[in-house]
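Novice: Dropping in upload30.txt, with compact mmCIF, C-alpha atoms.
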# COMPACT_ATOMS: atom_id res chain seq x y z
CA MET A 1 25.41 6.84 -18.58
CA PRO A 2 25.88 3.89 -20.91
CA PRO A 3 25.18 0.28 -20.05
CA THR A 4 28.06 -2.10 -19.71
CA THR A 5 28.25 -5.83 -19.91
CA PRO A 6 26.40 -7.49 -17.04
CA THR A 7 29.36 -8.21 -14.78
CA MET A 8 28.32 -6.29 -11.67
CA ALA A 9 28.14 -8.63 -8.70
CA ALA A 10 24.74 -9.25 -7.18
CA SER A 11 24.08 -7.85 -3.75
CA PRO A 12 25.07 -10.27 -1.00
CA TYR A 13 22.60 -11.06 1.73
CA ALA A 14 22.41 -8.48 4.50
CA SER A 15 22.51 -9.82 8.05
CA ARG A 16 19.38 -11.39 9.44
CA ARG A 17 19.16 -8.63 12.01
CA GLU A 18 19.21 -5.95 9.33
CA ILE A 19 16.58 -7.73 7.21
CA PHE A 20 14.44 -8.09 10.33
CA GLY A 21 14.92 -4.40 11.13
CA TRP A 22 13.87 -3.49 7.59
CA ALA A 23 10.80 -5.73 7.81
CA MET A 24 9.81 -4.22 11.17
CA PHE A 25 8.90 -1.01 9.38
CA ASP A 26 6.24 -2.99 7.52
CA PHE A 27 5.17 -4.44 10.87
CA ALA A 28 4.92 -0.96 12.38
CA ASN A 29 3.24 0.98 9.61
CA GLN A 30 0.51 -1.60 9.06
CA ALA A 31 -1.23 -0.16 12.11
CA TYR A 32 -1.75 3.04 10.13
CA THR A 33 -2.93 1.30 6.95
CA LEU A 34 -5.33 -1.02 8.70
CA LEU A 35 -6.71 1.13 11.51
CA ILE A 36 -6.79 4.52 9.81
CA ILE A 37 -7.27 3.91 6.07
CA THR A 38 -8.82 0.47 5.65
CA VAL A 39 -11.03 -0.27 8.62
CA VAL A 40 -11.68 1.89 11.64
CA PHE A 41 -11.16 5.57 10.90
CA GLY A 42 -12.45 5.32 7.33
CA GLU A 43 -15.71 3.87 8.62
CA LEU A 44 -15.79 6.36 11.51
CA PHE A 45 -15.23 9.30 9.17
CA THR A 46 -17.92 8.32 6.67
CA THR A 47 -20.62 7.12 9.08
CA VAL A 48 -20.09 9.35 12.14
CA ILE A 49 -17.89 12.38 11.45
CA VAL A 50 -19.62 13.22 8.13
CA GLY A 51 -22.69 11.03 8.50
CA GLU A 52 -25.40 9.70 6.22
CA ARG A 53 -27.12 13.05 5.36
CA ASN A 54 -30.00 11.28 3.58
CA ASP A 55 -27.83 10.40 0.56
CA GLY A 56 -26.73 6.85 1.32
CA TYR A 57 -23.32 8.11 2.53
CA ARG A 58 -22.43 9.25 -1.00
CA LEU A 59 -21.12 12.65 0.13
CA ALA A 60 -19.17 11.04 2.98
CA ASN A 61 -17.63 8.47 0.63
CA PHE A 62 -16.73 11.17 -1.87
CA LEU A 63 -15.02 13.34 0.78
CA TRP A 64 -13.05 10.32 2.02
CA SER A 65 -11.92 9.51 -1.50
CA LEU A 66 -11.02 13.18 -2.05
CA ALA A 67 -8.76 13.31 1.01
CA LEU A 68 -6.92 10.16 -0.05
CA ALA A 69 -6.63 11.34 -3.65
CA ILE A 70 -5.06 14.66 -2.59
CA SER A 71 -2.50 12.90 -0.40
CA TYR A 72 -1.59 10.51 -3.20
CA LEU A 73 -1.29 13.39 -5.67
CA LEU A 74 1.26 15.02 -3.36
CA VAL A 75 3.25 11.76 -3.43
CA VAL A 76 3.11 11.71 -7.23
CA ILE A 77 4.66 15.18 -7.31
CA SER A 78 7.36 14.64 -4.69
CA ALA A 79 8.35 10.94 -4.53
CA PRO A 80 10.71 10.86 -7.56
CA LEU A 81 12.29 14.16 -6.49
CA CYS A 82 12.97 12.86 -2.98
CA GLY A 83 14.28 9.59 -4.42
CA ALA A 84 16.78 11.42 -6.59
CA ILE A 85 18.01 13.49 -3.63
CA MET A 86 18.31 10.43 -1.38
CA ASP A 87 20.46 8.58 -3.91
CA TYR A 88 22.71 11.58 -4.50
CA ARG A 89 23.18 12.50 -0.85
CA ALA A 90 22.90 8.94 0.58
CA GLU A 91 20.09 10.13 2.88
CA LYS A 92 17.48 7.39 2.59
CA LYS A 93 17.45 6.84 6.32
CA ARG A 94 17.11 10.55 7.13
CA PHE A 95 14.16 10.97 4.78
CA LEU A 96 12.58 7.81 6.21
CA LEU A 97 12.90 9.16 9.74
CA PHE A 98 11.27 12.47 8.82
CA SER A 99 8.28 10.81 7.11
CA TYR A 100 7.89 8.48 10.09
CA MET A 101 7.78 11.31 12.61
CA VAL A 102 5.26 13.32 10.58
CA THR A 103 3.04 10.25 10.23
CA VAL A 104 3.14 9.62 13.97
CA ALA A 105 2.35 13.24 14.88
CA THR A 106 -0.53 13.78 12.45
CA THR A 107 -2.07 10.37 13.17
CA ALA A 108 -2.10 11.05 16.90
CA MET A 109 -3.93 14.33 16.23
CA LEU A 110 -6.89 12.43 14.74
CA TYR A 111 -8.11 12.19 18.35
CA PHE A 112 -9.37 15.78 17.99
CA VAL A 113 -11.62 15.02 14.99
CA GLU A 114 -15.16 14.96 16.37
CA PRO A 115 -18.52 14.53 14.57
CA GLY A 116 -18.96 17.51 12.29
CA TYR A 117 -15.24 18.39 12.25
CA VAL A 118 -15.04 17.39 8.59
CA VAL A 119 -12.38 19.87 7.45
CA LEU A 120 -10.01 18.99 10.30
CA GLY A 121 -10.44 15.31 9.52
CA LEU A 122 -9.74 15.89 5.83
CA VAL A 123 -6.59 17.91 6.52
CA LEU A 124 -5.14 15.39 8.97
CA ILE A 125 -5.84 12.46 6.66
CA VAL A 126 -4.17 14.28 3.77
CA PHE A 127 -0.98 14.98 5.76
CA SER A 128 -0.78 11.67 7.64
CA ASN A 129 -1.45 9.56 4.55
CA TYR A 130 1.02 11.61 2.51
CA ALA A 131 3.79 11.11 5.07
CA TYR A 132 2.95 7.42 5.46
CA SER A 133 2.93 6.89 1.68
CA MET A 134 6.28 8.61 1.25
CA GLY A 135 7.68 6.34 3.94
CA GLU A 136 6.51 3.33 1.93
CA SER A 137 8.68 4.43 -0.99
CA PHE A 138 11.63 5.28 1.27
CA ILE A 139 11.68 1.91 3.05
CA ALA A 140 11.22 0.02 -0.25
CA ALA A 141 14.33 1.72 -1.65
CA PHE A 142 16.46 -0.32 0.77
CA LEU A 143 15.18 -3.66 -0.65
CA PRO A 144 17.74 -4.16 -3.49
CA GLU A 145 20.55 -3.83 -0.94
CA LEU A 146 19.28 -6.68 1.25
CA GLY A 147 20.01 -9.62 -1.04
CA PRO A 148 20.54 -10.89 -4.59
CA PRO A 149 17.71 -10.50 -7.16
CA ASP A 150 16.66 -14.14 -6.84
CA ALA A 151 15.99 -13.61 -3.12
CA LEU A 152 14.05 -10.36 -3.23
CA GLY A 153 10.71 -12.14 -3.55
CA LYS A 154 10.97 -13.90 -0.22
CA ILE A 155 12.56 -10.89 1.50
CA SER A 156 9.73 -8.64 0.28
CA GLY A 157 7.19 -11.31 1.18
CA PHE A 158 8.66 -11.60 4.68
CA GLY A 159 8.25 -7.85 5.13
CA TRP A 160 4.64 -7.84 3.99
CA ALA A 161 3.81 -10.92 6.06
CA LEU A 162 5.33 -9.37 9.17
CA GLY A 163 3.31 -6.26 8.38
CA TYR A 164 0.06 -8.19 8.39
CA ILE A 165 1.01 -9.77 11.71
CA GLY A 166 1.53 -6.26 13.05
CA GLY A 167 -1.84 -5.28 11.69
CA LEU A 168 -3.42 -8.28 13.37
CA LEU A 169 -1.97 -7.29 16.75
CA ALA A 170 -3.05 -3.68 16.30
CA ALA A 171 -6.53 -4.76 15.23
CA GLY A 172 -6.80 -7.15 18.17
CA PHE A 173 -6.13 -4.36 20.64
CA THR A 174 -8.63 -2.11 18.87
CA LEU A 175 -11.37 -4.74 18.94
CA ILE A 176 -10.85 -5.65 22.58
CA VAL A 177 -10.17 -2.23 24.10
CA LEU A 178 -11.58 0.44 21.78
CA GLY A 179 -14.64 -1.30 20.33
CA GLU A 180 -16.68 -0.47 17.25
CA ALA A 181 -16.70 2.63 15.04
CA THR A 182 -20.10 4.02 16.05
CA ALA A 183 -21.44 7.30 17.38
CA ASP A 184 -22.39 5.67 20.70
CA ASN A 185 -18.82 4.43 21.17
CA PHE A 186 -17.13 7.58 19.89
CA GLU A 187 -15.37 8.56 23.13
CA ARG A 188 -13.46 5.29 23.13
CA ILE A 189 -12.92 4.74 19.41
CA ARG A 190 -11.53 8.26 18.93
CA TRP A 191 -8.36 6.91 20.59
CA VAL A 192 -7.66 4.85 17.46
CA GLY A 193 -5.48 7.68 16.10
CA PRO A 194 -3.20 7.98 19.13
CA PHE A 195 -2.99 4.19 19.43
CA ALA A 196 -2.00 3.71 15.77
CA ALA A 197 0.57 6.50 16.16
CA GLY A 198 2.04 4.96 19.31
CA PHE A 199 2.20 1.50 17.76
CA PHE A 200 4.05 2.88 14.74
CA LEU A 201 6.37 4.96 16.92
CA VAL A 202 7.51 2.05 19.09
CA ALA A 203 7.49 -0.84 16.63
CA ALA A 204 9.65 0.96 14.03
CA ILE A 205 12.54 1.57 16.44
CA PRO A 206 14.44 -1.59 15.28
CA THR A 207 14.40 -0.22 11.74
CA PHE A 208 16.39 2.84 12.70
CA LEU A 209 18.73 0.87 14.96
CA TRP A 210 19.68 -1.89 12.52
CA LEU A 211 19.04 -0.75 8.95
CA LYS A 212 22.21 0.53 7.29
CA GLU A 213 22.73 3.46 4.92
CA ARG A 214 25.04 1.93 2.30
CA GLY A 215 25.06 4.76 -0.21
CA VAL A 216 28.07 6.98 -0.71
CA PRO A 217 27.15 10.69 -0.84
CA LYS A 218 28.17 12.68 -3.88
CA PRO A 219 30.04 15.99 -3.37
CA HIS A 220 27.95 18.66 -1.65
CA GLY A 221 27.59 22.20 -2.89
CA VAL A 222 24.61 21.35 -5.08
CA SER A 223 21.14 22.35 -3.86
CA TYR A 224 18.34 19.85 -3.40
CA ARG A 225 16.46 21.54 -6.24
CA GLN A 226 19.39 21.16 -8.63
CA ILE A 227 19.94 17.54 -7.64
CA ALA A 228 16.32 16.68 -8.17
CA GLN A 229 16.09 18.49 -11.49
CA GLN A 230 19.26 16.98 -12.94
CA ARG A 231 18.65 13.44 -11.73
CA ILE A 232 14.98 13.28 -12.71
CA LEU A 233 15.63 14.61 -16.21
CA GLY A 234 18.45 12.08 -16.57
CA THR A 235 16.27 9.23 -15.35
CA PHE A 236 13.43 10.07 -17.74
CA HIS A 237 16.03 9.84 -20.52
CA GLU A 238 17.39 6.56 -19.14
CA LEU A 239 13.95 4.95 -18.88
CA ARG A 240 14.28 4.22 -22.60
CA TYR A 241 17.04 1.82 -21.58
CA PHE A 242 14.98 0.38 -18.70
CA LYS A 243 12.14 -0.53 -21.04
CA ASP A 244 10.77 -3.39 -18.98
CA LEU A 245 10.67 -1.33 -15.80
CA SER A 246 8.79 1.38 -17.72
CA VAL A 247 6.19 -1.05 -19.06
CA PHE A 248 5.79 -2.66 -15.66
CA LEU A 249 5.18 0.72 -14.00
CA VAL A 250 2.31 1.32 -16.43
CA SER A 251 0.86 -2.09 -15.53
CA LEU A 252 1.34 -1.24 -11.87
CA LEU A 253 -0.58 1.99 -12.36
CA PHE A 254 -3.68 0.01 -13.30
CA SER A 255 -3.32 -2.80 -10.78
CA MET A 256 -2.65 -0.53 -7.83
CA ALA A 257 -5.62 1.66 -8.77
CA GLY A 258 -7.75 -1.40 -8.06
CA VAL A 259 -5.84 -2.29 -4.90
CA TYR A 260 -6.19 1.21 -3.45
CA ILE A 261 -9.92 1.17 -4.08
CA ILE A 262 -10.19 -2.05 -2.06
CA ILE A 263 -7.95 -0.76 0.73
CA ALA A 264 -9.97 2.44 1.04
CA PHE A 265 -13.47 1.02 0.63
CA ALA A 266 -13.55 -2.70 1.55
CA PHE A 267 -14.73 -2.22 5.12
CA ILE A 268 -16.93 0.72 4.16
CA TYR A 269 -18.46 -1.69 1.62
CA GLY A 270 -19.00 -4.23 4.37
CA ALA A 271 -20.80 -1.67 6.54
CA GLN A 272 -22.90 -0.04 3.81
CA VAL A 273 -23.61 -2.81 1.27
CA ILE A 274 -23.26 -6.06 3.22
CA GLY A 275 -24.60 -4.59 6.46
CA TRP A 276 -22.43 -6.75 8.69
CA ASP A 277 -22.60 -7.04 12.46
CA GLU A 278 -19.73 -5.94 14.66
CA SER A 279 -18.79 -9.56 15.38
CA VAL A 280 -18.52 -10.37 11.66
CA ARG A 281 -16.48 -7.23 11.03
CA ASN A 282 -14.12 -8.30 13.81
CA ILE A 283 -13.70 -11.76 12.29
CA MET A 284 -12.97 -10.14 8.92
CA PHE A 285 -10.18 -8.17 10.61
CA ILE A 286 -8.48 -11.43 11.47
CA ILE A 287 -9.22 -13.27 8.23
CA VAL A 288 -7.78 -10.56 6.00
CA GLN A 289 -4.61 -10.21 8.04
CA VAL A 290 -3.92 -13.95 8.28
CA THR A 291 -4.63 -14.71 4.63
CA ALA A 292 -2.70 -11.63 3.45
CA ALA A 293 0.33 -12.75 5.47
CA ALA A 294 0.02 -16.25 4.03
CA GLY A 295 -0.26 -14.82 0.52
CA ALA A 296 2.80 -12.62 0.96
CA ILE A 297 4.95 -15.45 2.31
CA GLY A 298 3.68 -18.17 -0.06
CA PHE A 299 3.84 -16.11 -3.22
CA GLY A 300 7.18 -14.65 -2.14
CA PHE A 301 8.77 -18.10 -2.26
CA LEU A 302 6.82 -18.95 -5.41
CA GLN A 303 8.12 -15.79 -7.05
CA ASP A 304 11.74 -16.79 -6.54
CA LYS A 305 11.00 -20.11 -8.28
CA LEU A 306 8.61 -19.11 -11.08
CA GLY A 307 9.77 -15.54 -11.66
CA ALA A 308 8.39 -12.22 -10.46
CA LYS A 309 6.41 -11.45 -13.62
CA HIS A 310 4.49 -14.74 -13.68
CA THR A 311 3.75 -14.49 -9.98
CA TYR A 312 2.49 -10.93 -10.37
CA GLN A 313 0.19 -12.06 -13.18
CA MET A 314 -1.18 -14.84 -11.00
CA THR A 315 -1.97 -12.38 -8.22
CA LEU A 316 -3.92 -10.18 -10.66
CA ALA A 317 -6.02 -13.17 -11.72
CA LEU A 318 -6.74 -13.80 -8.04
CA TRP A 319 -7.88 -10.18 -7.71
CA VAL A 320 -10.34 -10.51 -10.60
CA ALA A 321 -11.93 -13.52 -8.93
CA ALA A 322 -12.02 -11.72 -5.57
CA ILE A 323 -13.72 -8.58 -6.95
CA VAL A 324 -16.39 -10.55 -8.79
CA ALA A 325 -17.06 -12.46 -5.57
CA ILE A 326 -17.30 -9.22 -3.55
CA TRP A 327 -19.80 -7.75 -6.01
CA ALA A 328 -21.87 -10.95 -6.23
CA THR A 329 -22.05 -11.71 -2.51
CA PRO A 330 -25.61 -10.40 -1.85
CA ALA A 331 -27.12 -12.03 -4.95
CA LEU A 332 -25.14 -15.25 -4.52
CA THR A 333 -26.28 -15.55 -0.91
CA GLU A 334 -29.92 -15.22 -1.96
CA TRP A 335 -29.48 -17.79 -4.73
CA LEU A 336 -27.83 -20.33 -2.44
CA ASN A 337 -30.59 -19.93 0.12
CA GLN A 338 -33.26 -20.53 -2.54
CA GLN A 339 -31.51 -23.54 -4.09
CA PHE A 340 -30.53 -25.38 -0.92
CA GLY A 341 -32.95 -24.06 1.66
CA TRP A 342 -30.17 -22.46 3.67
CA GLN A 343 -30.55 -19.39 5.82
CA TRP A 344 -27.19 -17.77 5.28
CA GLN A 345 -26.69 -14.07 5.55
CA ALA A 346 -24.61 -12.11 3.06
CA GLN A 347 -22.17 -11.15 5.81
CA HIS A 348 -21.33 -14.82 6.42
CA LEU A 349 -20.55 -15.52 2.77
CA PHE A 350 -18.57 -12.30 2.73
CA LEU A 351 -16.15 -13.87 5.22
CA VAL A 352 -15.34 -16.57 2.66
CA VAL A 353 -14.76 -13.88 0.05
CA GLY A 354 -12.46 -12.15 2.53
CA CYS A 355 -10.06 -15.11 2.38
CA LEU A 356 -9.65 -14.69 -1.36
CA ALA A 357 -9.26 -10.92 -1.06
CA GLY A 358 -6.65 -11.31 1.67
CA LEU A 359 -4.55 -13.72 -0.40
CA SER A 360 -4.75 -11.33 -3.34
CA LEU A 361 -3.78 -8.31 -1.25
CA GLY A 362 -0.67 -9.76 0.37
CA SER A 363 0.65 -11.50 -2.72
CA SER A 364 0.16 -8.67 -5.22
CA GLN A 365 1.77 -5.96 -3.10
CA SER A 366 4.78 -8.12 -2.28
CA ALA A 367 5.26 -9.27 -5.88
CA SER A 368 5.11 -5.76 -7.35
CA ARG A 369 7.62 -4.36 -4.85
CA ALA A 370 10.05 -7.21 -5.45
CA LEU A 371 9.83 -6.87 -9.24
CA VAL A 372 10.79 -3.19 -9.05
CA GLY A 373 13.70 -4.23 -6.83
CA VAL A 374 14.86 -6.74 -9.46
CA PHE A 375 14.75 -4.05 -12.16
CA SER A 376 16.55 -1.36 -10.09
CA PRO A 377 20.32 -0.69 -10.19
CA LEU A 378 21.68 -0.27 -6.67
CA GLU A 379 22.92 3.26 -7.32
CA LYS A 380 19.44 4.39 -8.35
CA SER A 381 17.28 2.29 -6.03
CA ALA A 382 15.75 5.22 -4.12
CA GLU A 383 15.07 7.09 -7.33
CA PHE A 384 13.47 4.10 -9.03
CA PHE A 385 11.40 3.33 -5.97
CA GLY A 386 10.41 6.98 -6.08
CA PHE A 387 8.92 6.22 -9.50
CA TRP A 388 7.36 3.10 -7.95
CA GLY A 389 5.81 5.39 -5.35
CA LEU A 390 4.69 7.75 -8.11
CA ALA A 391 2.98 4.92 -10.01
CA ASN A 392 1.40 3.60 -6.81
CA LYS A 393 -0.02 6.90 -5.67
CA LEU A 394 -1.02 8.14 -9.10
CA ALA A 395 -2.93 4.88 -9.21
CA GLY A 396 -4.46 5.78 -5.86
CA VAL A 397 -5.52 9.18 -7.18
CA LEU A 398 -7.08 7.78 -10.36
CA GLY A 399 -8.69 4.75 -8.77
CA ILE A 400 -10.15 6.43 -5.73
CA VAL A 401 -11.40 9.49 -7.64
CA MET A 402 -13.01 7.27 -10.28
CA LEU A 403 -14.65 5.13 -7.60
CA GLY A 404 -15.67 8.18 -5.56
CA VAL A 405 -17.41 9.79 -8.52
CA LEU A 406 -18.86 6.55 -9.87
CA GLN A 407 -20.42 5.55 -6.58
CA THR A 408 -22.25 8.90 -6.39
CA LEU A 409 -23.93 7.95 -9.69
CA ILE A 410 -24.63 4.21 -9.44
CA GLY A 411 -23.89 3.31 -5.81
CA LEU A 412 -20.98 1.54 -4.15
CA GLN A 413 -21.84 -2.07 -5.00
CA ALA A 414 -21.95 -1.65 -8.78
CA SER A 415 -18.94 0.69 -8.73
CA ILE A 416 -16.69 -1.99 -7.27
CA LEU A 417 -16.67 -3.76 -10.65
CA LEU A 418 -14.43 -0.96 -11.89
CA CYS A 419 -11.60 -2.91 -10.24
CA VAL A 420 -12.12 -5.89 -12.54
CA GLY A 421 -11.38 -3.77 -15.59
CA LEU A 422 -8.33 -2.26 -13.92
CA PHE A 423 -6.81 -5.64 -13.03
CA ILE A 424 -7.45 -7.09 -16.49
CA ALA A 425 -5.81 -4.05 -18.09
CA ALA A 426 -2.78 -4.51 -15.82
CA MET A 427 -2.47 -8.16 -16.85
CA LEU A 428 -2.58 -7.31 -20.55
CA ILE A 429 0.03 -4.56 -20.25
CA CYS A 430 2.37 -6.79 -18.24
CA VAL A 431 2.52 -9.27 -21.14
CA GLY A 432 5.04 -6.85 -22.69
CA VAL A 433 7.46 -7.16 -19.74
CA ASN A 434 10.53 -9.35 -20.30
CA GLU A 435 11.83 -10.16 -16.82
CA ARG A 436 15.18 -11.56 -17.94
CA ARG A 437 15.92 -8.50 -20.08
CA GLY A 438 14.91 -6.21 -17.21
CA ARG A 439 17.25 -8.01 -14.79
CA GLU A 440 20.14 -7.77 -17.22
CA ALA A 441 19.53 -4.05 -17.75
CA ALA A 442 19.70 -3.43 -13.99
CA VAL A 443 22.93 -5.41 -13.59
CA ALA A 444 24.59 -3.86 -16.64
CA TRP A 445 23.88 -0.23 -15.78
CA LYS A 446 26.74 1.90 -14.50
CA SER A 447 26.82 5.59 -13.94
CA SER A 448 29.34 7.59 -15.90
For the structure just supplied, provide its representation as structure tokens.

Specialist:
Amino acid sequence: MPPTTPTMAASPYASRREIFGWAMFDFANQAYTLLIITVVFGELFTTVIVGERNDGYRLANFLWSLALAISYLLVVISAPLCGAIMDYRAEKKRFLLFSYMVTVATTAMLYFVEPGYVVLGLVLIVFSNYAYSMGESFIAAFLPELGPPDALGKISGFGWALGYIGGLLAAGFTLIVLGEATADNFERIRWVGPFAAGFFLVAAIPTFLWLKERGVPKPHGVSYRQIAQQRILGTFHELRYFKDLSVFLVSLLFSMAGVYIIIAFAFIYGAQVIGWDESVRNIMFIIVQVTAAAGAIGFGFLQDKLGAKHTYQMTLALWVAAIVAIWATPALTEWLNQQFGWQWQAQHLFLVVGCLAGLSLGSSQSASRALVGVFSPLEKSAEFFGFWGLANKLAGVLGIVMLGVLQTLIGLQASILLCVGLFIAAMLICVGVNERRGREAAVAWKSS
């Protein structure tokens, strides 16, 4: 499978309707990310379903991190294999549909997880988060087909931004109708699973109506196992040619380890370390979604002007600042009150920190997805995004397990500084990525 001279035409823009349909999957699945993993069910699981147990929630936090780590490990094993099969059989849309239906079904079943039903909760989180995470890779594999490389930043940013708007709507309903994640409110808040499932089910319909399957299936008669084995072995060999993609995936492993820690523990941190009121938690819902959408859109356009690599590096620097601010919030609040005679509470300063975290979240996720799209040949987009999914979820396994173990030893607040080291490592590794060379490699590649 030798490279040729870079004469392959760039992908033309897809129709606006198709791009919108693609982005609606981000809109739809954000209800799962926000309500189940980041905010409501994570807090409900740790504080109510498992409970405090006189250990400062350390067992509860560890079990939560274990469930997420197992689901991400399953993605690590299967994402590249599924990507290879989807490219060969031109079945990206079929695989996407299957992951979507499994996510909807298992998320709805979270209604049956009551206080003390720890094992049931763990099992359902493992399966729902696995199916959701596979769907992330499947939908991302369509990105290189939606426009030329120089436009992928804003297309990816549009998807992420629309996703955060979807999360804002889902969160608004939860705050108004379902209330807080407490034992006293359990009979209402237990409906968060069915609601997130229903939101995902309905909002993703435009994706399956308008998104096109452009791949051309190869001849049948070869089993899925043979396809996966042959294609994956070939791709591992070819990664020597896609050097910049390979280096970037290593950088992504470190950066996404930090991001997944924040996604899984940010609102748990707010409840356990900051000790926020329900009203402040509700405001944080809104702040994170709005600033993340702004970050995805703004940095998406910036990426197409400055380059994906430089934009990605900027988002990592933002993350370092955000993590230090998260860790320092209690002490900084006390210092400000002493110096200026204020009477601020840590939860109020934490809202300011939330703006920085939201910008970092939206911009970094959009930039990393777009950069993989730039480095991916069209004929191998699903397979390469399978490796993107592998790097993402292996990062989730490593980051969440490290945080889960570390917080049992030194507590959650000090453990959050682990993310600073992860983001700095990602920045240093990414120095070795040459974006221009990576683009040329993607354009020049042709299958034999």

Novice: How far is it from CA of Cys430 (chain A) to CA of Ala391 (chain A), in Å with one decimal?

Specialist: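 Interatomic distance, CA of Cys430 (chain A) to CA of Ala391 (chain A): 14.3 Å.
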
Novice: Out of A:Ser360, A:Ser71, A:Ser15, A:Ser368, which residue has the shortest atom-to-atom distance to Lys309 (chain A) when counting all atoms listed in the file?

Specialist: A:Ser368

Novice: Using all atoms listed in the file, which protein or nucleic acid residues come within 12 Å of Ile268 (chain A)? Drop anything in the same chain fewer than 2 positions from it, and give the result as a ChimeraX atom specification.

Specialist: /A:37-47,56-58,60-61,64-65,181,261-266,270-276,281,412-413,416

Novice: What does the structure give for the distance between CA of Met402 (chain A) and CA of Ala257 (chain A), in Å to one decimal?

Specialist: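 Interatomic distance, CA of Met402 (chain A) to CA of Ala257 (chain A): 9.4 Å.
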
Novice: Using all atoms listed in the file, determine which residues lie at most 8 Å from Ala79 (chain A), disregarding the query and same-chain residues fewer than 5 positions distant; provide the list as a ChimeraX atom specification.

Specialist: /A:134,137,386-387,389-390

Novice: Those same residues - C-alpha atoms - I'd like them written as a compact mmCIF listing (two decimals), keeping the file's coordinate frame.

Specialist:
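As written to disk, part-v6.txt reads:
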# COMPACT_ATOMS: atom_id res chain seq x y z
CA MET A 134 6.28 8.61 1.25
CA SER A 137 8.68 4.43 -0.99
CA GLY A 386 10.41 6.98 -6.08
CA PHE A 387 8.92 6.22 -9.50
CA GLY A 389 5.81 5.39 -5.35
CA LEU A 390 4.69 7.75 -8.11

Novice: With distances taken over all atoms listed in the file, which residue among A:Asp87, A:Glu52, A:Glu435, A:Glu383 lies nearest Gly215 (chain A)?

Specialist: A:Asp87

Novice: Could you check the closest approach to Ile189 (chain A) for each of A:Tyr260, A:Phe27, A:Phe384, A:Phe112 and tell me which residue wins, using all atoms listed in the file?

Specialist: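 Checking each candidate against Ile189 (chain A), we get A:Phe112 as the closest.
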
Novice: Can you tell me which residues surround region 369-373 of chain A at a distance of at most 8 Å, considering all atoms listed in the file, apart from same-chain residues fewer than 3 positions away, and format the answer as a VMD selection string?

Specialist: chain A and resid 140 to 141 143 to 144 149 152 to 153 156 245 308 to 309 365 to 366 376 381 384 to 385 388

Novice: Rounded to one decimal place, report the CA of Ile70 (chain A)-CA of Trp327 (chain A) distance in Å.

Specialist: 27.0 Å

Novice: Can you tell me, as a PyMOL selection string, what residues are no more than 12 Å from Gly179 (chain A) when counting all atoms listed in the file, ignoring any on the same chain fewer than 2 positions away?

Specialist: chain A and resi 40+44+171-177+181-192+278-279+281-282

Novice: Just checking: using all atoms listed in the file, which residue out of A:Ala346, A:Ala131, A:Leu418, A:Ile205 ends up closest to Gly404 (chain A)?

Specialist: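 Ranked by minimum distance to Gly404 (chain A), first place goes to A:Leu418.
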
Novice: Which residue out of A:Trp160, A:Trp319, A:Phe248, A:Trp342 has the minimum interatomic distance to Ile424 (chain A) when only C-alpha atoms are used?

Specialist: A:Trp319

Novice: Find the residues with any atom within 9 Å of (-5.2, -12.0, -0.8); use all atoms listed in the file and the coordinates as given in the file, and write the answer as JSON, numbers by chain.

Specialist: {"A": [288, 291, 292, 293, 294, 295, 296, 315, 318, 319, 322, 354, 355, 356, 357, 358, 359, 360, 361, 362, 363, 364]}

Novice: Could you please take those selected residues and save C-alpha atoms as an mmCIF file, in the frame of the given file?

Specialist:
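The resulting file, again.cif, is shown below:
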data_model
loop_
_atom_site.group_PDB
_atom_site.id
_atom_site.type_symbol
_atom_site.label_atom_id
_atom_site.label_comp_id
_atom_site.auth_asym_id
_atom_site.auth_seq_id
_atom_site.Cartn_x
_atom_site.Cartn_y
_atom_site.Cartn_z
ATOM 1 C CA VAL A 288 -7.780 -10.560 6.000
ATOM 2 C CA THR A 291 -4.630 -14.710 4.630
ATOM 3 C CA ALA A 292 -2.700 -11.630 3.450
ATOM 4 C CA ALA A 293 0.330 -12.750 5.470
ATOM 5 C CA ALA A 294 0.020 -16.250 4.030
ATOM 6 C CA GLY A 295 -0.260 -14.820 0.520
ATOM 7 C CA ALA A 296 2.800 -12.620 0.960
ATOM 8 C CA THR A 315 -1.970 -12.380 -8.220
ATOM 9 C CA LEU A 318 -6.740 -13.800 -8.040
ATOM 10 C CA TRP A 319 -7.880 -10.180 -7.710
ATOM 11 C CA ALA A 322 -12.020 -11.720 -5.570
ATOM 12 C CA GLY A 354 -12.460 -12.150 2.530
ATOM 13 C CA CYS A 355 -10.060 -15.110 2.380
ATOM 14 C CA LEU A 356 -9.650 -14.690 -1.360
ATOM 15 C CA ALA A 357 -9.260 -10.920 -1.060
ATOM 16 C CA GLY A 358 -6.650 -11.310 1.670
ATOM 17 C CA LEU A 359 -4.550 -13.720 -0.400
ATOM 18 C CA SER A 360 -4.750 -11.330 -3.340
ATOM 19 C CA LEU A 361 -3.780 -8.310 -1.250
ATOM 20 C CA GLY A 362 -0.670 -9.760 0.370
ATOM 21 C CA SER A 363 0.650 -11.500 -2.720
ATOM 22 C CA SER A 364 0.160 -8.670 -5.220
#

Novice: Between A:Gly157, A:Leu378, A:Ile429, A:Leu409, which is the closest to Val443 (chain A) once you count only C-alpha atoms?

Specialist: A:Leu378

Novice: Applying 6 Å and all atoms listed in the file, which residues near Pro217 (chain A) remain after dropping the ones on its own chain fewer than 2 positions away? List them as a list in words.

Specialist: Tyr88, Arg89 and Ala90 of chain A

Novice: May I have the residues at most 7 Å from (-0.3, -3.3, 3.7) in the file's coordinates, counting only C-alpha atoms, as a PyMOL selection string?

Specialist: chain A and resi 30+33+160+163-164
